[in-house]
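S.K.: Got a structure for you, questions after.
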Amino acid sequence: MLFIEPTRPNAYTGSPLDRASGRRGDAAFLASALAASESLFVPLWRTRNLLRDGRQGGPEAVFLSGESARALRPSQDDGPVRPWAFLGLWNERAVFAVDASEAEDPHTLVPAAAGSFRDLRPTTGVLAAPEAAVLAGARALLHWQSRHRFCGVCGGPCRVEQGGHVLRCSQCGTEHFPRTDPAVIMLVHRGDSALLGHSAHFPAPTMYSTLAGFVEPGESLEEAVAREVFEETGVRVRHVRYHSSQPWPFPASLMLGFYAEATDAALAVDRAELEDARWFSRAEIRNPEAGGFTLPRPDSIARRLIEDWVAAT
């Protein structure tokens with residue numbers, strides 16, 4: 001049975017925030033913090049985060065405060081309240097996520113030199129880890145708000161409560177809480193070989209990665225691992241062991257990483273799920289260029305699972 005410890009944190013983990021969940025229902029605190037000049041605001045526009053080029057050429061997150069955040073602060077004086085959420089405290093400063101998606105040009109709401117709104121994914125592994133975790137959390141929470149404006153029970157409009165962490169139906173009173181879709185991602189191994197697959201959805205035609213799939217209702221994580229592997233490749237597994245997890249707010253998933261041991265090596269690939277699946281030796285994975293294939297991006301949990309397995313001897 002294989003036990004492998006993670007060698008380093010996954011992307012979007014290690015948030016520096018004190019989530020301060022006890023303050024979410026404190027209306028006086030939230031009103032004061034929203035108006036405070038020292039509070040920090042994380043703006044989003046149509047799922048994009050505000051970033052700028054740093055001194056070393058890499059991206060930096062932009063947190064607005066004081067006068068630079070004036071146009072973003074939620075207010076009921078000029079119509080509907082802009083979607084927002086209290087993320088927590090960072091060194092005792094309140095941090096809020098604010099959705100500016102209603103603006104056709106979001107740069108009218110931020111200082112001209114603040115930066116530009118960009119997709120967060122290409123910055124993973126380059127953006128400072130604490131900043132990436134905060135921006136990912138802001139993206140996930142506001143995406144959930146945007147998709148649950150109306151009650152799934154009666155269809156009534158929902159209002160924001162608990163600092164953006166609860167949506168309550170204004171008609172039937174049902175409370176709705178932020179949702180995260182659990183997805184298992186697993187490296188299947190047998191002896192000195194690991195099973196990797198290629199999907200038509202991958203960004204590179206030569207990329208091979210770990211298998212993955214969403215957890216179904218009424219299913220344990222271990223059962224989801226076994227089912228997904230069998231459905232995609234026809235391989236039965238045992239000894240499913242947890243490795244680590246990674247928030248994946250694109251749009252709202254939590255990737256749960258596992259290792260699983262194959263009981264045999266015979267493959268019956270479901271071509272509707274994968275274009276190809278193969279067994280690769282540790283030597284082949286250490287030198288993918290020689291084999292004419294590529295591995296997942298270095299910041300992904302898939303790559304972490306592969307690299308930690310290769311390093312385990």
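Order determines the names: the first chain of the structure tokens is A, the second B, and so forth; residues in each chain are numbered 1 upward, and ligands are numbered 1 upward as they are shown.
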Identify all residues of segment 210-268 of chain A in helix (DSSP H, G or I) (DSSP on the backbone) and supply them as a list of chain:residue names.

M.R.: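 Assigned to helix (DSSP H, G or I), within segment 210-268 of chain A: A:Leu221, A:Glu222, A:Glu223, A:Ala224, A:Val225, A:Ala226, A:Arg227, A:Glu228, A:Val229, A:Phe230, A:Glu231, A:Glu232, A:Thr233.
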
S.K.: Mind listing the strand (DSSP E) residues of segment 7-165 of chain A, per DSSP on the backbone, as a VMD selection string?

M.R.: chain A and resid 40 to 45 48 to 53 59 to 61 84 to 90 93 to 99 116 to 118 158 to 161

S.K.: Taking into account only C-alpha atoms, which residue in the set A:Ala129, A:Leu89, A:Leu72, A:Leu295 is nearest to Thr108 of chain A?

M.R.: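 Comparing A:Ala129, A:Leu89, A:Leu72, A:Leu295 against Thr108 of chain A, the winner is A:Leu72.
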
S.K.: Nearest residue to Pro249 of chain A out of A:Val134, A:Ala69, A:Ala27, A:Ala85, using only C-alpha atoms?

M.R.: A:Val134

S.K.: Using only C-alpha atoms, which residues sit within 10 Å of Leu211 of chain A once same-chain residues fewer than 4 positions away are excluded, as a list in words?

M.R.: Val184, Ile185, Met186, Leu187, Val188, Leu195, Leu196, Gly197, His198, Ser199, Val225, Glu228, Val229, Glu232, Thr233, Leu274, Ala277 and Ala302 of chain A

S.K.: Report the distance between atom CA of Val95 of chain A and atom CA of Cys158 of chain A in Å, rounded to one decimal place.

M.R.: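 Pair atom CA of Val95 of chain A / atom CA of Cys158 of chain A returns 23.2 Å.
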
S.K.: Give me, as a count of residues only, all polymer residues having an atom no more than 10 Å from Ala311 of chain A, counting only C-alpha atoms and skipping those fewer than 6 positions away in the same chain.

M.R.: 4

S.K.: For atom CA of Val42 of chain A and atom CA of Thr174 of chain A, determine how far apart the two atoms are, in Å to one decimal place.

M.R.: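 Atom-to-atom, atom CA of Val42 of chain A to atom CA of Thr174 of chain A, that is 28.6 Å.
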
S.K.: Within 12 Å of Trp90 of chain A, counting only C-alpha atoms, which residues show up once you throw out same-chain ones fewer than 6 positions away? Write them as a ChimeraX atom specification, please.

M.R.: /A:15-20,38-41,63,96,130-131,134

S.K.: Those same residues, written as an mmCIF file, in the first residue's frame with N, CA and C atoms?

M.R.:
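The resulting file, result16.cif, is reproduced below:
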```
data_model
loop_
_atom_site.group_PDB
_atom_site.id
_atom_site.type_symbol
_atom_site.label_atom_id
_atom_site.label_comp_id
_atom_site.auth_asym_id
_atom_site.auth_seq_id
_atom_site.Cartn_x
_atom_site.Cartn_y
_atom_site.Cartn_z
ATOM 1 N N SER A 15 -4.502 30.730 2.345
ATOM 2 C CA SER A 15 -5.036 32.090 2.445
ATOM 3 C C SER A 15 -4.555 32.765 3.731
ATOM 4 N N PRO A 16 -4.162 34.038 3.657
ATOM 5 C CA PRO A 16 -3.709 34.759 4.853
ATOM 6 C C PRO A 16 -4.861 35.322 5.673
ATOM 7 N N LEU A 17 -6.093 35.122 5.206
ATOM 8 C CA LEU A 17 -7.236 35.767 5.845
ATOM 9 C C LEU A 17 -7.682 35.040 7.104
ATOM 10 N N ASP A 18 -8.060 35.828 8.104
ATOM 11 C CA ASP A 18 -8.882 35.352 9.198
ATOM 12 C C ASP A 18 -10.317 35.513 8.700
ATOM 13 N N ARG A 19 -10.999 34.422 8.440
ATOM 14 C CA ARG A 19 -12.326 34.513 7.838
ATOM 15 C C ARG A 19 -13.330 35.230 8.726
ATOM 16 N N ALA A 20 -13.047 35.327 10.015
ATOM 17 C CA ALA A 20 -13.863 36.117 10.951
ATOM 18 C C ALA A 20 -15.354 35.849 10.746
ATOM 19 N N GLU A 38 -9.329 52.294 5.494
ATOM 20 C CA GLU A 38 -8.259 51.287 5.481
ATOM 21 C C GLU A 38 -8.721 49.925 4.970
ATOM 22 N N SER A 39 -10.014 49.724 4.794
ATOM 23 C CA SER A 39 -10.503 48.445 4.293
ATOM 24 C C SER A 39 -10.010 48.196 2.873
ATOM 25 N N LEU A 40 -9.835 46.925 2.557
ATOM 26 C CA LEU A 40 -9.333 46.538 1.238
ATOM 27 C C LEU A 40 -10.469 45.956 0.399
ATOM 28 N N PHE A 41 -10.460 46.290 -0.886
ATOM 29 C CA PHE A 41 -11.502 45.819 -1.801
ATOM 30 C C PHE A 41 -10.865 45.045 -2.955
ATOM 31 N N PHE A 63 -5.312 45.411 -4.621
ATOM 32 C CA PHE A 63 -6.277 45.618 -3.549
ATOM 33 C C PHE A 63 -6.468 47.124 -3.393
ATOM 34 N N PHE A 96 -12.994 42.953 1.363
ATOM 35 C CA PHE A 96 -14.270 42.721 0.698
ATOM 36 C C PHE A 96 -14.055 42.391 -0.777
ATOM 37 N N PRO A 130 -0.344 33.962 -1.247
ATOM 38 C CA PRO A 130 -1.417 34.553 -0.431
ATOM 39 C C PRO A 130 -2.396 35.366 -1.279
ATOM 40 N N GLU A 131 -1.879 36.128 -2.245
ATOM 41 C CA GLU A 131 -2.736 36.923 -3.099
ATOM 42 C C GLU A 131 -3.627 36.033 -3.956
ATOM 43 N N VAL A 134 -6.586 34.680 -1.969
ATOM 44 C CA VAL A 134 -7.630 35.679 -1.717
ATOM 45 C C VAL A 134 -8.440 35.946 -2.979
#
```

S.K.: Please provide the set of residues having any atom within 7 Å of Val235 of chain A, restricted to only C-alpha atoms, with same-chain residues fewer than 4 positions apart removed, written as a ChimeraX atom specification.

M.R.: /A:229-230,262,264,266-267

S.K.: Nearest residue to His243 of chain A out of A:Leu64, A:Leu305, A:Met207, A:Glu289, using only C-alpha atoms?

M.R.: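 Among the listed residues, A:Leu305 lies closest to His243 of chain A.
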
S.K.: Skip Val310 of chain A itself and residues of its chain fewer than 3 positions away, then list as a list of chain:residue names all residues within 12 Å of it, counting only C-alpha atoms.

M.R.: A:Ile4, A:Thr7, A:Leu187, A:His189, A:Gly191, A:Asp192, A:Ser193, A:Ala194, A:Phe280, A:Ser281, A:Arg282, A:Ala283, A:Glu284, A:Ile285, A:Arg286, A:Asn287, A:Arg303, A:Arg304, A:Leu305, A:Ile306, A:Glu307, A:Thr313

S.K.: Determine the nearest neighbour of Val166 of chain A from the options A:Phe214, A:Phe293, A:Trp84, A:Phe3, counting only C-alpha atoms.

M.R.: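 Smallest distance to Val166 of chain A is found for A:Trp84.
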
S.K.: Compare A:Pro74, A:Gly25, A:Gly58, A:Pro296 by their minimum atom-to-atom distance to Phe202 of chain A, counting only C-alpha atoms, and give me the closest one.

M.R.: A:Pro296
